>>> print(open('data27.txt').read())   # compact mmCIF, N, CA and C atoms
# COMPACT_ATOMS: atom_id res chain seq x y z
N MET Z 1 0.85 -1.18 0.00
CA MET Z 1 0.00 0.00 0.00
C MET Z 1 0.89 1.24 0.00
N ALA Z 2 0.46 2.27 -0.67
CA ALA Z 2 1.19 3.54 -0.72
C ALA Z 2 1.20 4.18 0.66
N ASP Z 3 2.22 4.98 0.94
CA ASP Z 3 2.30 5.72 2.19
C ASP Z 3 1.29 6.86 2.12
N LEU Z 4 0.16 6.71 2.81
CA LEU Z 4 -0.92 7.69 2.74
C LEU Z 4 -0.53 9.02 3.37
N ARG Z 5 0.51 9.05 4.19
CA ARG Z 5 0.93 10.30 4.82
C ARG Z 5 1.46 11.28 3.80
N GLN Z 6 1.78 10.85 2.60
CA GLN Z 6 2.30 11.74 1.57
C GLN Z 6 1.19 12.56 0.92
N ASN Z 7 -0.06 12.20 1.14
CA ASN Z 7 -1.19 12.90 0.55
C ASN Z 7 -1.80 13.84 1.57
N SER Z 8 -2.31 14.97 1.14
CA SER Z 8 -2.92 15.90 2.07
C SER Z 8 -4.36 15.51 2.40
N THR Z 9 -5.00 14.75 1.55
CA THR Z 9 -6.37 14.33 1.76
C THR Z 9 -6.50 12.87 1.38
N TRP Z 10 -7.14 12.09 2.25
CA TRP Z 10 -7.44 10.72 1.91
C TRP Z 10 -8.61 10.24 2.74
N SER Z 11 -9.21 9.17 2.32
CA SER Z 11 -10.37 8.61 2.98
C SER Z 11 -10.12 7.14 3.27
N VAL Z 12 -10.69 6.68 4.36
CA VAL Z 12 -10.55 5.29 4.76
C VAL Z 12 -11.92 4.78 5.17
N SER Z 13 -12.28 3.60 4.72
CA SER Z 13 -13.51 2.96 5.21
C SER Z 13 -13.25 1.48 5.42
N VAL Z 14 -14.10 0.86 6.22
CA VAL Z 14 -13.95 -0.57 6.52
C VAL Z 14 -14.50 -1.44 5.40
N ASP Z 15 -15.00 -0.83 4.34
CA ASP Z 15 -15.53 -1.59 3.22
C ASP Z 15 -14.39 -2.12 2.35
N SER Z 16 -14.73 -3.10 1.54
CA SER Z 16 -13.74 -3.74 0.70
C SER Z 16 -13.36 -2.87 -0.50
N VAL Z 17 -12.26 -3.22 -1.12
CA VAL Z 17 -11.82 -2.55 -2.35
C VAL Z 17 -12.90 -2.67 -3.41
N HIS Z 18 -13.59 -3.80 -3.46
CA HIS Z 18 -14.64 -4.02 -4.46
C HIS Z 18 -15.81 -3.06 -4.23
N THR Z 19 -16.17 -2.83 -2.97
CA THR Z 19 -17.23 -1.88 -2.65
C THR Z 19 -16.80 -0.47 -3.03
N HIS Z 20 -15.54 -0.14 -2.74
CA HIS Z 20 -15.02 1.18 -3.10
C HIS Z 20 -15.09 1.39 -4.61
N ARG Z 21 -14.72 0.38 -5.36
CA ARG Z 21 -14.75 0.48 -6.82
C ARG Z 21 -16.18 0.77 -7.29
N ALA Z 22 -17.15 0.09 -6.69
CA ALA Z 22 -18.56 0.31 -7.05
C ALA Z 22 -18.98 1.74 -6.72
N TRP Z 23 -18.57 2.27 -5.56
CA TRP Z 23 -18.90 3.65 -5.18
C TRP Z 23 -18.31 4.63 -6.17
N ILE Z 24 -17.04 4.42 -6.54
CA ILE Z 24 -16.36 5.33 -7.45
C ILE Z 24 -16.94 5.26 -8.86
N ASN Z 25 -17.40 4.10 -9.26
CA ASN Z 25 -18.00 3.93 -10.58
C ASN Z 25 -19.45 4.40 -10.64
N THR Z 26 -20.00 4.81 -9.49
CA THR Z 26 -21.37 5.33 -9.44
C THR Z 26 -21.29 6.85 -9.30
N PRO Z 27 -21.92 7.60 -10.20
CA PRO Z 27 -21.86 9.06 -10.11
C PRO Z 27 -22.45 9.59 -8.80
N ALA Z 28 -21.96 10.74 -8.37
CA ALA Z 28 -22.44 11.35 -7.13
C ALA Z 28 -23.94 11.62 -7.18
N ASP Z 29 -24.46 12.01 -8.34
CA ASP Z 29 -25.90 12.30 -8.44
C ASP Z 29 -26.76 11.04 -8.38
N ALA Z 30 -26.11 9.87 -8.36
CA ALA Z 30 -26.81 8.60 -8.19
C ALA Z 30 -26.42 7.95 -6.86
N ASN Z 31 -26.01 8.80 -5.90
CA ASN Z 31 -25.63 8.38 -4.54
C ASN Z 31 -24.33 7.59 -4.48
N GLY Z 32 -23.48 7.78 -5.47
CA GLY Z 32 -22.15 7.20 -5.41
C GLY Z 32 -21.13 8.28 -5.09
N LEU Z 33 -19.87 7.94 -5.25
CA LEU Z 33 -18.81 8.92 -5.02
C LEU Z 33 -18.34 9.59 -6.30
N GLY Z 34 -18.43 8.86 -7.39
CA GLY Z 34 -17.85 9.38 -8.62
C GLY Z 34 -16.34 9.40 -8.50
N ARG Z 35 -15.69 10.02 -9.45
CA ARG Z 35 -14.23 10.09 -9.46
C ARG Z 35 -13.73 10.93 -8.28
N LEU Z 36 -12.73 10.44 -7.59
CA LEU Z 36 -12.14 11.15 -6.46
C LEU Z 36 -10.77 11.70 -6.83
N ASN Z 37 -10.39 12.78 -6.18
CA ASN Z 37 -9.07 13.37 -6.39
C ASN Z 37 -8.12 13.04 -5.24
N PHE Z 38 -8.45 12.02 -4.49
CA PHE Z 38 -7.63 11.60 -3.36
C PHE Z 38 -7.81 10.10 -3.17
N PRO Z 39 -6.88 9.46 -2.45
CA PRO Z 39 -6.97 8.01 -2.26
C PRO Z 39 -8.14 7.61 -1.35
N LEU Z 40 -8.71 6.47 -1.65
CA LEU Z 40 -9.74 5.85 -0.81
C LEU Z 40 -9.18 4.50 -0.40
N ALA Z 41 -8.83 4.36 0.87
CA ALA Z 41 -8.17 3.15 1.36
C ALA Z 41 -9.19 2.23 2.04
N SER Z 42 -8.99 0.94 1.88
CA SER Z 42 -9.84 -0.05 2.52
C SER Z 42 -9.20 -0.50 3.83
N ASP Z 43 -9.94 -0.34 4.91
CA ASP Z 43 -9.52 -0.79 6.24
C ASP Z 43 -10.25 -2.08 6.57
N ILE Z 44 -10.09 -3.07 5.70
CA ILE Z 44 -10.84 -4.32 5.82
C ILE Z 44 -10.55 -5.03 7.15
N THR Z 45 -9.36 -4.81 7.73
CA THR Z 45 -9.03 -5.42 9.04
C THR Z 45 -9.58 -4.60 10.20
N LYS Z 46 -10.09 -3.41 9.90
CA LYS Z 46 -10.68 -2.49 10.88
C LYS Z 46 -9.66 -1.94 11.88
N SER Z 47 -8.39 -2.05 11.57
CA SER Z 47 -7.37 -1.56 12.50
C SER Z 47 -7.34 -0.03 12.60
N VAL Z 48 -7.54 0.67 11.48
CA VAL Z 48 -7.56 2.14 11.51
C VAL Z 48 -8.78 2.61 12.29
N ALA Z 49 -9.94 2.03 12.01
CA ALA Z 49 -11.16 2.40 12.74
C ALA Z 49 -10.99 2.16 14.23
N ARG Z 50 -10.38 1.07 14.59
CA ARG Z 50 -10.12 0.75 16.00
C ARG Z 50 -9.17 1.78 16.60
N ASP Z 51 -8.08 2.09 15.89
CA ASP Z 51 -7.09 3.05 16.39
C ASP Z 51 -7.67 4.44 16.59
N TYR Z 52 -8.63 4.83 15.75
CA TYR Z 52 -9.24 6.15 15.86
C TYR Z 52 -10.49 6.16 16.75
N GLY Z 53 -10.81 5.03 17.34
CA GLY Z 53 -11.91 4.97 18.30
C GLY Z 53 -13.29 5.06 17.69
N VAL Z 54 -13.43 4.70 16.41
CA VAL Z 54 -14.74 4.78 15.77
C VAL Z 54 -15.35 3.40 15.48
N LEU Z 55 -14.64 2.34 15.85
CA LEU Z 55 -15.14 0.99 15.58
C LEU Z 55 -16.11 0.55 16.66
N VAL Z 56 -17.27 0.07 16.25
CA VAL Z 56 -18.23 -0.54 17.17
C VAL Z 56 -17.94 -2.04 17.09
N GLU Z 57 -17.12 -2.52 18.01
CA GLU Z 57 -16.61 -3.90 17.97
C GLU Z 57 -17.72 -4.94 17.85
N GLU Z 58 -18.77 -4.79 18.66
CA GLU Z 58 -19.85 -5.79 18.70
C GLU Z 58 -20.54 -5.96 17.35
N GLU Z 59 -20.60 -4.87 16.59
CA GLU Z 59 -21.28 -4.90 15.30
C GLU Z 59 -20.32 -5.02 14.12
N GLY Z 60 -19.03 -4.78 14.37
CA GLY Z 60 -18.05 -4.84 13.29
C GLY Z 60 -18.19 -3.72 12.28
N VAL Z 61 -18.76 -2.58 12.71
CA VAL Z 61 -18.93 -1.43 11.83
C VAL Z 61 -18.20 -0.23 12.42
N ALA Z 62 -17.89 0.71 11.56
CA ALA Z 62 -17.26 1.95 12.01
C ALA Z 62 -18.27 3.08 11.95
N LEU Z 63 -18.25 3.93 12.97
CA LEU Z 63 -19.06 5.13 12.95
C LEU Z 63 -18.46 6.09 11.93
N ARG Z 64 -19.20 7.14 11.58
CA ARG Z 64 -18.69 8.13 10.64
C ARG Z 64 -17.75 9.07 11.38
N GLY Z 65 -16.49 8.99 11.06
CA GLY Z 65 -15.50 9.85 11.70
C GLY Z 65 -14.81 10.73 10.69
N LEU Z 66 -14.62 11.98 11.06
CA LEU Z 66 -13.88 12.92 10.23
C LEU Z 66 -12.78 13.50 11.09
N PHE Z 67 -11.54 13.43 10.62
CA PHE Z 67 -10.40 13.91 11.37
C PHE Z 67 -9.57 14.83 10.47
N ILE Z 68 -9.30 16.04 10.94
CA ILE Z 68 -8.39 16.94 10.25
C ILE Z 68 -7.11 16.93 11.07
N ILE Z 69 -6.04 16.47 10.44
CA ILE Z 69 -4.76 16.26 11.11
C ILE Z 69 -3.70 17.10 10.41
N ASP Z 70 -2.93 17.86 11.18
CA ASP Z 70 -1.91 18.70 10.56
C ASP Z 70 -0.70 17.86 10.15
N PRO Z 71 0.21 18.44 9.37
CA PRO Z 71 1.37 17.68 8.88
C PRO Z 71 2.25 17.09 9.98
N GLU Z 72 2.18 17.64 11.18
CA GLU Z 72 2.96 17.10 12.30
C GLU Z 72 2.24 15.95 13.00
N GLY Z 73 1.03 15.63 12.56
CA GLY Z 73 0.29 14.52 13.12
C GLY Z 73 -0.65 14.89 14.26
N GLU Z 74 -0.83 16.19 14.52
CA GLU Z 74 -1.74 16.61 15.59
C GLU Z 74 -3.17 16.72 15.05
N VAL Z 75 -4.10 16.09 15.77
CA VAL Z 75 -5.51 16.18 15.39
C VAL Z 75 -5.99 17.59 15.73
N LYS Z 76 -6.43 18.31 14.72
CA LYS Z 76 -6.92 19.68 14.90
C LYS Z 76 -8.44 19.75 15.00
N TYR Z 77 -9.10 18.75 14.45
CA TYR Z 77 -10.57 18.73 14.45
C TYR Z 77 -11.01 17.30 14.26
N GLU Z 78 -12.02 16.91 15.03
CA GLU Z 78 -12.61 15.60 14.81
C GLU Z 78 -14.09 15.64 15.14
N VAL Z 79 -14.84 14.89 14.38
CA VAL Z 79 -16.26 14.73 14.64
C VAL Z 79 -16.61 13.29 14.31
N VAL Z 80 -17.35 12.67 15.21
CA VAL Z 80 -17.78 11.29 15.04
C VAL Z 80 -19.29 11.26 15.22
N SER Z 81 -19.98 10.66 14.27
CA SER Z 81 -21.44 10.61 14.36
C SER Z 81 -21.93 9.21 14.02
N HIS Z 82 -23.17 8.97 14.38
CA HIS Z 82 -23.84 7.72 14.06
C HIS Z 82 -23.92 7.59 12.54
N ASN Z 83 -23.95 6.38 12.06
CA ASN Z 83 -23.98 6.15 10.61
C ASN Z 83 -25.25 6.66 9.93
N LYS Z 84 -26.28 6.94 10.70
CA LYS Z 84 -27.52 7.46 10.12
C LYS Z 84 -27.46 8.97 9.91
N VAL Z 85 -26.36 9.60 10.35
CA VAL Z 85 -26.22 11.04 10.25
C VAL Z 85 -25.09 11.37 9.27
N GLY Z 86 -25.43 12.10 8.23
CA GLY Z 86 -24.42 12.48 7.25
C GLY Z 86 -23.59 13.66 7.73
N ARG Z 87 -22.51 13.91 7.03
CA ARG Z 87 -21.64 15.04 7.34
C ARG Z 87 -21.78 16.09 6.26
N SER Z 88 -21.55 17.33 6.65
CA SER Z 88 -21.68 18.44 5.72
C SER Z 88 -20.33 18.83 5.13
N VAL Z 89 -20.21 18.78 3.83
CA VAL Z 89 -18.99 19.22 3.16
C VAL Z 89 -18.76 20.70 3.44
N ASP Z 90 -19.82 21.50 3.41
CA ASP Z 90 -19.67 22.94 3.65
C ASP Z 90 -19.12 23.23 5.04
N VAL Z 91 -19.60 22.51 6.05
CA VAL Z 91 -19.09 22.70 7.42
C VAL Z 91 -17.63 22.29 7.49
N THR Z 92 -17.28 21.18 6.87
CA THR Z 92 -15.89 20.72 6.88
C THR Z 92 -14.96 21.73 6.23
N ILE Z 93 -15.37 22.29 5.11
CA ILE Z 93 -14.56 23.30 4.42
C ILE Z 93 -14.43 24.55 5.29
N ARG Z 94 -15.52 24.97 5.93
CA ARG Z 94 -15.46 26.15 6.81
C ARG Z 94 -14.49 25.92 7.96
N VAL Z 95 -14.54 24.74 8.57
CA VAL Z 95 -13.62 24.42 9.67
C VAL Z 95 -12.18 24.43 9.19
N LEU Z 96 -11.93 23.83 8.03
CA LEU Z 96 -10.57 23.81 7.48
C LEU Z 96 -10.08 25.23 7.20
N GLN Z 97 -10.94 26.07 6.63
CA GLN Z 97 -10.56 27.46 6.38
C GLN Z 97 -10.27 28.21 7.68
N ALA Z 98 -11.07 27.94 8.70
CA ALA Z 98 -10.84 28.58 10.01
C ALA Z 98 -9.50 28.14 10.59
N LEU Z 99 -9.20 26.85 10.50
CA LEU Z 99 -7.92 26.36 11.00
C LEU Z 99 -6.75 27.00 10.26
N GLN Z 100 -6.92 27.22 8.97
CA GLN Z 100 -5.86 27.79 8.15
C GLN Z 100 -5.77 29.31 8.25
N SER Z 101 -6.77 29.95 8.87
CA SER Z 101 -6.82 31.41 8.93
C SER Z 101 -5.78 32.00 9.89
N GLY Z 102 -5.34 31.21 10.84
CA GLY Z 102 -4.33 31.68 11.78
C GLY Z 102 -4.89 32.48 12.94
N GLY Z 103 -6.19 32.66 13.01
CA GLY Z 103 -6.79 33.45 14.08
C GLY Z 103 -7.71 32.62 14.96
N LEU Z 104 -8.26 33.28 15.96
CA LEU Z 104 -9.23 32.66 16.86
C LEU Z 104 -10.62 32.91 16.27
N CYS Z 105 -11.28 31.86 15.83
CA CYS Z 105 -12.52 32.00 15.07
C CYS Z 105 -13.75 31.65 15.91
N PRO Z 106 -14.79 32.49 15.86
CA PRO Z 106 -16.04 32.15 16.53
C PRO Z 106 -16.74 31.00 15.82
N SER Z 107 -17.81 30.50 16.41
CA SER Z 107 -18.47 29.29 15.91
C SER Z 107 -18.98 29.39 14.47
N ASP Z 108 -19.48 30.52 14.07
CA ASP Z 108 -20.03 30.66 12.71
C ASP Z 108 -19.11 31.45 11.79
N TRP Z 109 -17.83 31.51 12.12
CA TRP Z 109 -16.85 32.26 11.33
C TRP Z 109 -16.85 31.80 9.88
N LYS Z 110 -16.69 32.77 8.97
CA LYS Z 110 -16.53 32.48 7.55
C LYS Z 110 -15.33 33.30 7.04
N PRO Z 111 -14.69 32.87 5.96
CA PRO Z 111 -13.60 33.68 5.42
C PRO Z 111 -14.05 35.11 5.18
N GLY Z 112 -13.23 36.05 5.61
CA GLY Z 112 -13.57 37.47 5.50
C GLY Z 112 -14.08 38.05 6.81
N ASP Z 113 -14.60 37.19 7.71
CA ASP Z 113 -15.07 37.65 9.02
C ASP Z 113 -13.86 37.97 9.91
N LYS Z 114 -14.10 38.78 10.93
CA LYS Z 114 -13.05 39.12 11.89
C LYS Z 114 -12.81 37.96 12.84
N HIS Z 115 -11.57 37.90 13.31
CA HIS Z 115 -11.22 36.92 14.34
C HIS Z 115 -11.55 37.50 15.71
N LEU Z 116 -11.66 36.63 16.69
CA LEU Z 116 -11.85 37.07 18.06
C LEU Z 116 -10.51 37.55 18.60
N ALA Z 117 -10.57 38.46 19.56
CA ALA Z 117 -9.35 38.94 20.21
C ALA Z 117 -8.86 37.86 21.17
N ALA Z 118 -7.57 37.56 21.10
CA ALA Z 118 -6.98 36.58 22.02
C ALA Z 118 -6.72 37.26 23.35
N ASN Z 119 -7.00 36.56 24.44
CA ASN Z 119 -6.77 37.12 25.78
C ASN Z 119 -5.38 36.80 26.25
>>> encode(input="data27.txt", output="structure tokens")
Amino acid sequence: MADLRQNSTWSVSVDSVHTHRAWINTPADANGLGRLNFPLASDITKSVARDYGVLVEEEGVALRGLFIIDPEGEVKYEVVSHNKVGRSVDVTIRVLQALQSGGLCPSDWKPGDKHLAAN
């Protein structure tokens, strides 16, 4: 397997490579993923899900986890939700922009908004 740390964005799921291929071959407007611009890795052994604390051992499934990790390996943002709850791409992008802004951002901060004063 390629060293995934060399990529700035990647995705991991406990599904098989065959399932991933089906998702990628299904257009997004048909509830698939369509073509991705980043790697999609299969965690068929569930070791990554276990290491990140999102594996429900009794059921053998992983919860939906999103982790933004800086190049030094520090987790800057994480959200874990039940599999029945989707994640918002817009919220994820806003959080990433806030992290990259260099300032102290309020909850609904958007690019162009003022930062909070640091105490």
>>> closest_residue(input="data27.txt", among="Z:Gly102, Z:Gln97, Z:Leu116, Z:Asp15", to="Z:Asp43", atoms="only N, CA and C atoms")
Z:Asp15
>>> select_by_dssp(input="data27.txt", residues="stretch 9-115 of chain Z", states="strand (DSSP E)", output="list in words")
Ser11, Val12, Ser13, Leu40, Ala41, Ser42, Leu55, Val56, Val61, Ala62, Arg64, Gly65, Leu66, Phe67, Ile68, Ile69, Val75, Lys76, Tyr77, Glu78, Val79, Val80 and Ser81 of chain Z
>>> atom_distance(input="data27.txt", atom1="atom CA of Z:His20", atom2="atom CA of Z:Ile68")
21.7 Å
>>> residues_around(input="data27.txt", residues="Z:Ala22", least_positions_apart="4", cutoff="6.5 Å", atoms="all atoms listed in the file", output="list of chain:residue names")
Z:Val17, Z:His18, Z:Thr26, Z:Gly32, Z:Leu33
>>> write_last_selection(input="data27.txt", atoms="N, CA and C atoms", output="short mmCIF file (atom, residue, chain, number, x, y, z; two decimals), in the frame of the given file")
data_model
loop_
_atom_site.label_atom_id
_atom_site.label_comp_id
_atom_site.auth_asym_id
_atom_site.auth_seq_id
_atom_site.Cartn_x
_atom_site.Cartn_y
_atom_site.Cartn_z
N VAL Z 17 -12.26 -3.22 -1.12
CA VAL Z 17 -11.82 -2.55 -2.35
C VAL Z 17 -12.90 -2.67 -3.41
N HIS Z 18 -13.59 -3.80 -3.46
CA HIS Z 18 -14.64 -4.02 -4.46
C HIS Z 18 -15.81 -3.06 -4.23
N THR Z 26 -20.00 4.81 -9.49
CA THR Z 26 -21.37 5.33 -9.44
C THR Z 26 -21.29 6.85 -9.30
N GLY Z 32 -23.48 7.78 -5.47
CA GLY Z 32 -22.15 7.20 -5.41
C GLY Z 32 -21.13 8.28 -5.09
N LEU Z 33 -19.87 7.94 -5.25
CA LEU Z 33 -18.81 8.92 -5.02
C LEU Z 33 -18.34 9.59 -6.30
#
>>> atom_distance(input="data27.txt", atom1="atom C of Z:Ala62", atom2="atom CA of Z:Gly86")
12.2 Å
>>> select_by_dssp(input="data27.txt", residues="stretch 30-89 of chain Z", states="helix (DSSP H, G or I)", output="PDB file with N, CA and C atoms, keeping the file's coordinate frame")
ATOM      1  N   ALA Z  30     -26.110   9.870  -8.360  1.00  0.00           N
ATOM      2  CA  ALA Z  30     -26.810   8.600  -8.190  1.00  0.00           C
ATOM      3  C   ALA Z  30     -26.420   7.950  -6.860  1.00  0.00           C
ATOM      4  N   SER Z  47      -8.390  -2.050  11.570  1.00  0.00           N
ATOM      5  CA  SER Z  47      -7.370  -1.560  12.500  1.00  0.00           C
ATOM      6  C   SER Z  47      -7.340  -0.030  12.600  1.00  0.00           C
ATOM      7  N   VAL Z  48      -7.540   0.670  11.480  1.00  0.00           N
ATOM      8  CA  VAL Z  48      -7.560   2.140  11.510  1.00  0.00           C
ATOM      9  C   VAL Z  48      -8.780   2.610  12.290  1.00  0.00           C
ATOM     10  N   ALA Z  49      -9.940   2.030  12.010  1.00  0.00           N
ATOM     11  CA  ALA Z  49     -11.160   2.400  12.740  1.00  0.00           C
ATOM     12  C   ALA Z  49     -10.990   2.160  14.230  1.00  0.00           C
ATOM     13  N   ARG Z  50     -10.380   1.070  14.590  1.00  0.00           N
ATOM     14  CA  ARG Z  50     -10.120   0.750  16.000  1.00  0.00           C
ATOM     15  C   ARG Z  50      -9.170   1.780  16.600  1.00  0.00           C
ATOM     16  N   ASP Z  51      -8.080   2.090  15.890  1.00  0.00           N
ATOM     17  CA  ASP Z  51      -7.090   3.050  16.390  1.00  0.00           C
ATOM     18  C   ASP Z  51      -7.670   4.440  16.590  1.00  0.00           C
ATOM     19  N   VAL Z  89     -20.210  18.780   3.830  1.00  0.00           N
ATOM     20  CA  VAL Z  89     -18.990  19.220   3.160  1.00  0.00           C
ATOM     21  C   VAL Z  89     -18.760  20.700   3.440  1.00  0.00           C
TER      22      VAL Z  89
END
>>> closest_residue(input="data27.txt", among="Z:Ser11, Z:Thr19, Z:Asn119, Z:Ser101", to="Z:Asn37", atoms="only C-alpha atoms")
Z:Ser11
>>> closest_residue(input="data27.txt", among="Z:Lys76, Z:Gly34, Z:Glu59, Z:Ser13", to="Z:Lys46", atoms="only N, CA and C atoms")
Z:Ser13
>>> atom_distance(input="data27.txt", atom1="atom C of Z:Glu72", atom2="atom C of Z:Tyr52")
16.5 Å
>>> closest_residue(input="data27.txt", among="Z:Val91, Z:Gly60, Z:Phe67, Z:Trp10", to="Z:Phe38", atoms="only N, CA and C atoms")
Z:Trp10
>>> closest_residue(input="data27.txt", among="Z:Arg94, Z:Val14, Z:Ile69, Z:Tyr77", to="Z:Thr45", atoms="all atoms listed in the file")
Z:Val14
>>> residues_around(input="data27.txt", residues="Z:Ser81", least_positions_apart="6", cutoff="7 Å", atoms="all atoms listed in the file", output="NGL selection string")
:Z and (63-66)
>>> decode(input="data27.txt", residues="stretch 18-38 of chain Z", atoms="N, CA, C and O atoms", output="compact mmCIF listing (two decimals), in the first residue's frame")
# COMPACT_ATOMS: atom_id res chain seq x y z
N HIS Z 18 -13.59 -3.80 -3.46
CA HIS Z 18 -14.64 -4.02 -4.46
C HIS Z 18 -15.81 -3.06 -4.23
O HIS Z 18 -16.37 -2.52 -5.19
N THR Z 19 -16.17 -2.83 -2.97
CA THR Z 19 -17.23 -1.88 -2.65
C THR Z 19 -16.80 -0.47 -3.03
O THR Z 19 -17.57 0.29 -3.61
N HIS Z 20 -15.54 -0.14 -2.74
CA HIS Z 20 -15.02 1.18 -3.10
C HIS Z 20 -15.09 1.39 -4.61
O HIS Z 20 -15.48 2.46 -5.08
N ARG Z 21 -14.72 0.38 -5.36
CA ARG Z 21 -14.75 0.48 -6.82
C ARG Z 21 -16.18 0.77 -7.29
O ARG Z 21 -16.41 1.61 -8.17
N ALA Z 22 -17.15 0.09 -6.69
CA ALA Z 22 -18.56 0.31 -7.05
C ALA Z 22 -18.98 1.74 -6.72
O ALA Z 22 -19.68 2.39 -7.51
N TRP Z 23 -18.57 2.27 -5.56
CA TRP Z 23 -18.90 3.65 -5.18
C TRP Z 23 -18.31 4.63 -6.17
O TRP Z 23 -18.96 5.58 -6.58
N ILE Z 24 -17.04 4.42 -6.54
CA ILE Z 24 -16.36 5.33 -7.45
C ILE Z 24 -16.94 5.26 -8.86
O ILE Z 24 -17.02 6.26 -9.56
N ASN Z 25 -17.40 4.10 -9.26
CA ASN Z 25 -18.00 3.93 -10.58
C ASN Z 25 -19.45 4.40 -10.64
O ASN Z 25 -20.05 4.40 -11.70
N THR Z 26 -20.00 4.81 -9.49
CA THR Z 26 -21.37 5.33 -9.44
C THR Z 26 -21.29 6.85 -9.30
O THR Z 26 -20.65 7.35 -8.37
N PRO Z 27 -21.92 7.60 -10.20
CA PRO Z 27 -21.86 9.06 -10.11
C PRO Z 27 -22.45 9.59 -8.80
O PRO Z 27 -23.35 8.98 -8.20
N ALA Z 28 -21.96 10.74 -8.37
CA ALA Z 28 -22.44 11.35 -7.13
C ALA Z 28 -23.94 11.62 -7.18
O ALA Z 28 -24.63 11.47 -6.16
N ASP Z 29 -24.46 12.01 -8.34
CA ASP Z 29 -25.90 12.30 -8.44
C ASP Z 29 -26.76 11.04 -8.38
O ASP Z 29 -27.98 11.11 -8.34
N ALA Z 30 -26.11 9.87 -8.36
CA ALA Z 30 -26.81 8.60 -8.19
C ALA Z 30 -26.42 7.95 -6.86
O ALA Z 30 -26.45 6.75 -6.70
N ASN Z 31 -26.01 8.80 -5.90
CA ASN Z 31 -25.63 8.38 -4.54
C ASN Z 31 -24.33 7.59 -4.48
O ASN Z 31 -24.10 6.84 -3.55
N GLY Z 32 -23.48 7.78 -5.47
CA GLY Z 32 -22.15 7.20 -5.41
C GLY Z 32 -21.13 8.28 -5.09
O GLY Z 32 -21.49 9.40 -4.72
N LEU Z 33 -19.87 7.94 -5.25
CA LEU Z 33 -18.81 8.92 -5.02
C LEU Z 33 -18.34 9.59 -6.30
O LEU Z 33 -17.91 10.73 -6.28
N GLY Z 34 -18.43 8.86 -7.39
CA GLY Z 34 -17.85 9.38 -8.62
C GLY Z 34 -16.34 9.40 -8.50
O GLY Z 34 -15.76 8.87 -7.56
N ARG Z 35 -15.69 10.02 -9.45
CA ARG Z 35 -14.23 10.09 -9.46
C ARG Z 35 -13.73 10.93 -8.28
O ARG Z 35 -14.25 12.01 -8.03
N LEU Z 36 -12.73 10.44 -7.59
CA LEU Z 36 -12.14 11.15 -6.46
C LEU Z 36 -10.77 11.70 -6.83
O LEU Z 36 -10.06 11.11 -7.65
N ASN Z 37 -10.39 12.78 -6.18
CA ASN Z 37 -9.07 13.37 -6.39
C ASN Z 37 -8.12 13.04 -5.24
O ASN Z 37 -7.13 13.74 -5.03
N PHE Z 38 -8.45 12.02 -4.49
CA PHE Z 38 -7.63 11.60 -3.36
C PHE Z 38 -7.81 10.10 -3.17
O PHE Z 38 -8.78 9.52 -3.64
